[in-house]
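To be precise, the following lines are final.tsv, and they hold TSV, C-alpha atoms.
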```tsv
chain	number	residue	atom	x	y	z
A	1	GLN	CA	124.68	71.55	85.80
A	2	VAL	CA	123.42	74.25	88.13
A	3	GLN	CA	120.33	74.97	90.20
A	4	LEU	CA	119.00	78.50	90.50
A	5	VAL	CA	116.80	79.82	93.28
A	6	GLU	CA	115.23	83.23	92.88
A	7	SER	CA	113.72	85.49	95.49
A	8	GLY	CA	112.76	89.10	96.08
A	9	GLY	CA	109.71	89.67	93.94
A	10	GLY	CA	106.57	91.34	95.20
A	11	LEU	CA	104.14	94.20	94.87
A	12	VAL	CA	105.42	97.76	94.77
A	13	GLN	CA	104.04	101.14	93.81
A	14	ALA	CA	105.26	102.97	90.73
A	15	GLY	CA	108.50	104.75	91.49
A	16	GLY	CA	109.48	102.17	94.08
A	17	SER	CA	112.31	99.67	94.21
A	18	LEU	CA	112.84	95.95	94.51
A	19	ARG	CA	115.91	93.76	94.58
A	20	LEU	CA	115.80	90.29	93.07
A	21	SER	CA	118.26	87.60	94.03
A	22	CYS	CA	119.34	84.49	92.17
A	23	ALA	CA	121.38	82.00	94.15
A	24	ALA	CA	123.34	79.49	92.10
A	25	SER	CA	124.44	76.06	93.31
A	26	ARG	CA	127.98	76.51	91.99
A	27	SER	CA	130.63	79.17	91.67
A	28	LEU	CA	129.70	82.10	89.44
A	29	PHE	CA	133.17	81.84	87.92
A	30	SER	CA	132.14	78.46	86.49
A	31	ILE	CA	129.05	79.94	84.81
A	32	ASP	CA	129.70	81.63	81.47
A	33	ALA	CA	126.86	84.10	81.84
A	34	MET	CA	124.05	84.90	84.20
A	35	ARG	CA	121.05	86.79	82.90
A	36	TRP	CA	117.75	88.18	84.03
A	37	TYR	CA	114.78	87.83	81.71
A	38	ARG	CA	111.18	88.83	82.20
A	39	GLN	CA	107.85	87.80	80.75
A	40	ALA	CA	104.73	89.89	80.97
A	41	PRO	CA	101.29	88.33	80.41
A	42	GLY	CA	100.68	87.77	76.72
A	43	SER	CA	104.23	88.73	75.82
A	44	GLN	CA	107.38	86.88	74.91
A	45	ARG	CA	110.17	86.45	77.40
A	46	GLU	CA	112.71	89.23	77.00
A	47	LEU	CA	116.24	89.82	78.17
A	48	VAL	CA	116.74	92.46	80.84
A	49	ALA	CA	120.39	92.31	81.89
A	50	SER	CA	123.39	90.01	81.83
A	51	ILE	CA	126.72	89.52	83.53
A	52	THR	CA	129.49	87.24	82.38
A	53	SER	CA	131.89	85.19	84.47
A	54	GLY	CA	134.45	87.90	83.75
A	55	GLY	CA	132.13	90.59	85.05
A	56	ARG	CA	131.09	92.17	81.76
A	57	ILE	CA	127.63	93.69	82.11
A	58	ASN	CA	124.99	94.54	79.55
A	59	TYR	CA	121.51	96.01	79.81
A	60	VAL	CA	118.66	96.39	77.41
A	61	ASP	CA	117.79	99.98	76.64
A	62	PHE	CA	114.50	100.11	78.49
A	63	VAL	CA	116.14	99.45	81.89
A	64	LYS	CA	119.33	101.44	81.52
A	65	GLY	CA	119.69	103.88	84.37
A	66	ARG	CA	116.99	102.17	86.42
A	67	PHE	CA	118.14	98.56	86.90
A	68	THR	CA	121.51	97.32	88.10
A	69	ILE	CA	122.81	93.79	87.84
A	70	SER	CA	125.50	92.78	90.32
A	71	ARG	CA	126.91	89.71	91.98
A	72	ASP	CA	128.34	88.45	95.25
A	73	ILE	CA	130.94	85.85	94.41
A	74	SER	CA	131.16	84.61	97.99
A	75	LYS	CA	127.43	83.83	97.97
A	76	ASN	CA	127.19	82.56	94.36
A	77	THR	CA	124.38	85.06	93.98
A	78	VAL	CA	123.42	87.51	91.26
A	79	TYR	CA	121.17	90.46	92.00
A	80	LEU	CA	118.92	92.72	90.02
A	81	GLN	CA	118.32	96.05	91.74
A	82	MET	CA	115.28	97.68	90.19
A	83	ASN	CA	114.62	101.35	90.86
A	84	SER	CA	112.08	103.80	89.51
A	85	LEU	CA	109.77	100.93	88.72
A	86	LYS	CA	106.96	101.45	86.25
A	87	PRO	CA	103.70	99.54	85.77
A	88	GLU	CA	105.08	98.22	82.49
A	89	ASP	CA	107.84	96.49	84.46
A	90	THR	CA	105.20	94.11	85.79
A	91	ALA	CA	106.24	90.59	84.81
A	92	VAL	CA	107.60	87.31	86.02
A	93	TYR	CA	111.36	87.71	86.27
A	94	TYR	CA	113.55	84.71	85.54
A	95	CYS	CA	117.16	84.03	86.30
A	96	TYR	CA	119.15	82.20	83.62
A	97	ALA	CA	122.54	80.53	83.57
A	98	LEU	CA	124.63	79.57	80.58
A	99	ILE	CA	127.39	76.97	80.95
A	100	SER	CA	128.95	76.14	77.58
A	101	SER	CA	125.84	75.36	75.53
A	102	THR	CA	123.69	74.30	78.48
A	103	THR	CA	121.04	76.69	79.77
A	104	THR	CA	119.22	76.61	83.08
A	105	TRP	CA	116.24	78.69	84.17
A	106	GLY	CA	115.10	79.62	87.61
A	107	GLN	CA	111.50	79.16	88.70
A	108	GLY	CA	110.65	82.82	88.25
A	109	THR	CA	109.53	85.49	90.67
A	110	GLN	CA	106.55	87.79	90.20
A	111	VAL	CA	107.07	91.54	90.17
A	112	THR	CA	103.94	93.68	90.17
A	113	VAL	CA	104.11	97.46	89.93
A	114	SER	CA	100.92	99.32	90.71
A	115	SER	CA	100.14	102.76	89.31
```
Could I get this structure in the form of structure tokens?
Amino acid sequence: QVQLVESGGGLVQAGGSLRLSCAASRSLFSIDAMRWYRQAPGSQRELVASITSGGRINYVDFVKGRFTISRDISKNTVYLQMNSLKPEDTAVYYCYALISSTTTWGQGTQVTVSS
């Protein structure tokens, strides 16, 4: 079992940057995968980026080159650096942890990008 606490959302103008943080209550090495998802109003939740316990990283196409997922093992924290933000990036961003077959979601953090 793990608890996730997200932070870092907010309001930013198009072209700006934000960094989201997701602090886990246990070692990242004990978590099979950490992911960032997002959900825009009226839309389904969608995967943004993921990082495994071994450090393998994947991004969905629409954020490649703009978003970077990283982690600080000493702080049990995963980050999502978001650059060149667009209004269509506006959504609630959720942190997600997978341990074996058990999934845990963070509370979500709102990101709003104004045009």
Exercise for review: Counting all atoms listed in the file, figure out which residue out of A:Arg71, A:Gln3, A:Val63, A:Val78 gets nearest to Arg38 (chain A).
Suggested key: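 Selected residue with least distance to Arg38 (chain A): A:Val63.
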Practice item. Could you give me, as a count of residues only, the residues within 7 Å of Cys22 (chain A), counting all atoms listed in the file and dropping anything in the same chain fewer than 6 positions from it? Key: 8
Exercise for review: Using only C-alpha atoms, pick whichever of A:Ser30, A:Gln13, A:Ser21, A:Thr112 has the shortest atom-to-atom distance to Tyr94 (chain A).
Suggested key: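 Under the stated criterion, the closest residue is A:Ser21.
The closest residue to Gln39 (chain A), picked from A:Asn83, A:Thr103, A:Asn58, A:Gln110 and counting all atoms listed in the file, is A:Gln110.
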Report as JSON the centre and the edge lengths, in Å to one decimal, of the axis-aligned box holding every listed atom of region 75-86 of chain A, padded by 4 Å on each side.
```
{"center_x": 117.2, "center_y": 93.2, "center_z": 92.1, "size_x": 28.5, "size_y": 29.2, "size_z": 19.7}
```
**Study point:** Computed interatomic separation between CA of Gly55 (chain A) and CA of Gly108 (chain A) (Å)
**Key:**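 Value for the CA of Gly55 (chain A)-CA of Gly108 (chain A) distance: 23.1 Å.
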Exercise for review: To one decimal in Å, tell me the separation between CA of Ser17 (chain A) and CA of Ser74 (chain A).
Suggested key: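 It comes out at 24.4 Å.
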Exercise for review: Find the spatial neighbours of Asp32 (chain A), counting all atoms listed in the file, within a cut-off of 10 Å - ignore same-chain residues fewer than 4 positions away - and output them as number ranges by chain.
Suggested key: A: 28, 51-55, 97-102
Write a file of the selected residues as a CSV table (one decimal), in the coordinates of the input, keeping C-alpha atoms.
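Result written to out16.csv:
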```
chain,number,residue,atom,x,y,z
A,28,LEU,CA,129.7,82.1,89.4
A,51,ILE,CA,126.7,89.5,83.5
A,52,THR,CA,129.5,87.2,82.4
A,53,SER,CA,131.9,85.2,84.5
A,54,GLY,CA,134.4,87.9,83.8
A,55,GLY,CA,132.1,90.6,85.0
A,97,ALA,CA,122.5,80.5,83.6
A,98,LEU,CA,124.6,79.6,80.6
A,99,ILE,CA,127.4,77.0,81.0
A,100,SER,CA,129.0,76.1,77.6
A,101,SER,CA,125.8,75.4,75.5
A,102,THR,CA,123.7,74.3,78.5
```
Practice item. Rank A:Thr104, A:Ser114, A:Ser25, A:Gln44 by their smallest atom-to-atom distance to Leu11 (chain A), using all atoms listed in the file, and report the top residue only. Key: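 Of the candidates, the smallest distance to Leu11 (chain A) is held by A:Ser114.
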Practice item. Around the point (108.1, 89.7, 84.1), in the coordinates given by the file, pick out the residues reaching within 10 Å, counting all atoms listed in the file, and return them as JSON, numbers by chain. Key: {"A": [9, 36, 37, 38, 39, 40, 41, 43, 44, 45, 46, 48, 88, 89, 90, 91, 92, 93, 94, 108, 109, 110, 111, 112]}
Revision key, fill the gap. Correct to one decimal, the distance CA of Leu20 (chain A)-CA of Ile57 (chain A) is 16.5 Å
**Study point:** Selected residue, from A:Tyr96, A:Phe67, A:Trp105, A:Tyr59, that lies nearest to Gly16 (chain A) when counting only C-alpha atoms
**Key:**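 Comparing A:Tyr96, A:Phe67, A:Trp105, A:Tyr59 against Gly16 (chain A), the winner is A:Phe67.
Summary of the local environment: counting only C-alpha atoms, residues at most 7 Å from Thr68 (chain A), other than itself and those fewer than 2 positions away along its chain, are Arg66, Ser70, Leu80, Gln81 and Met82 of chain A.
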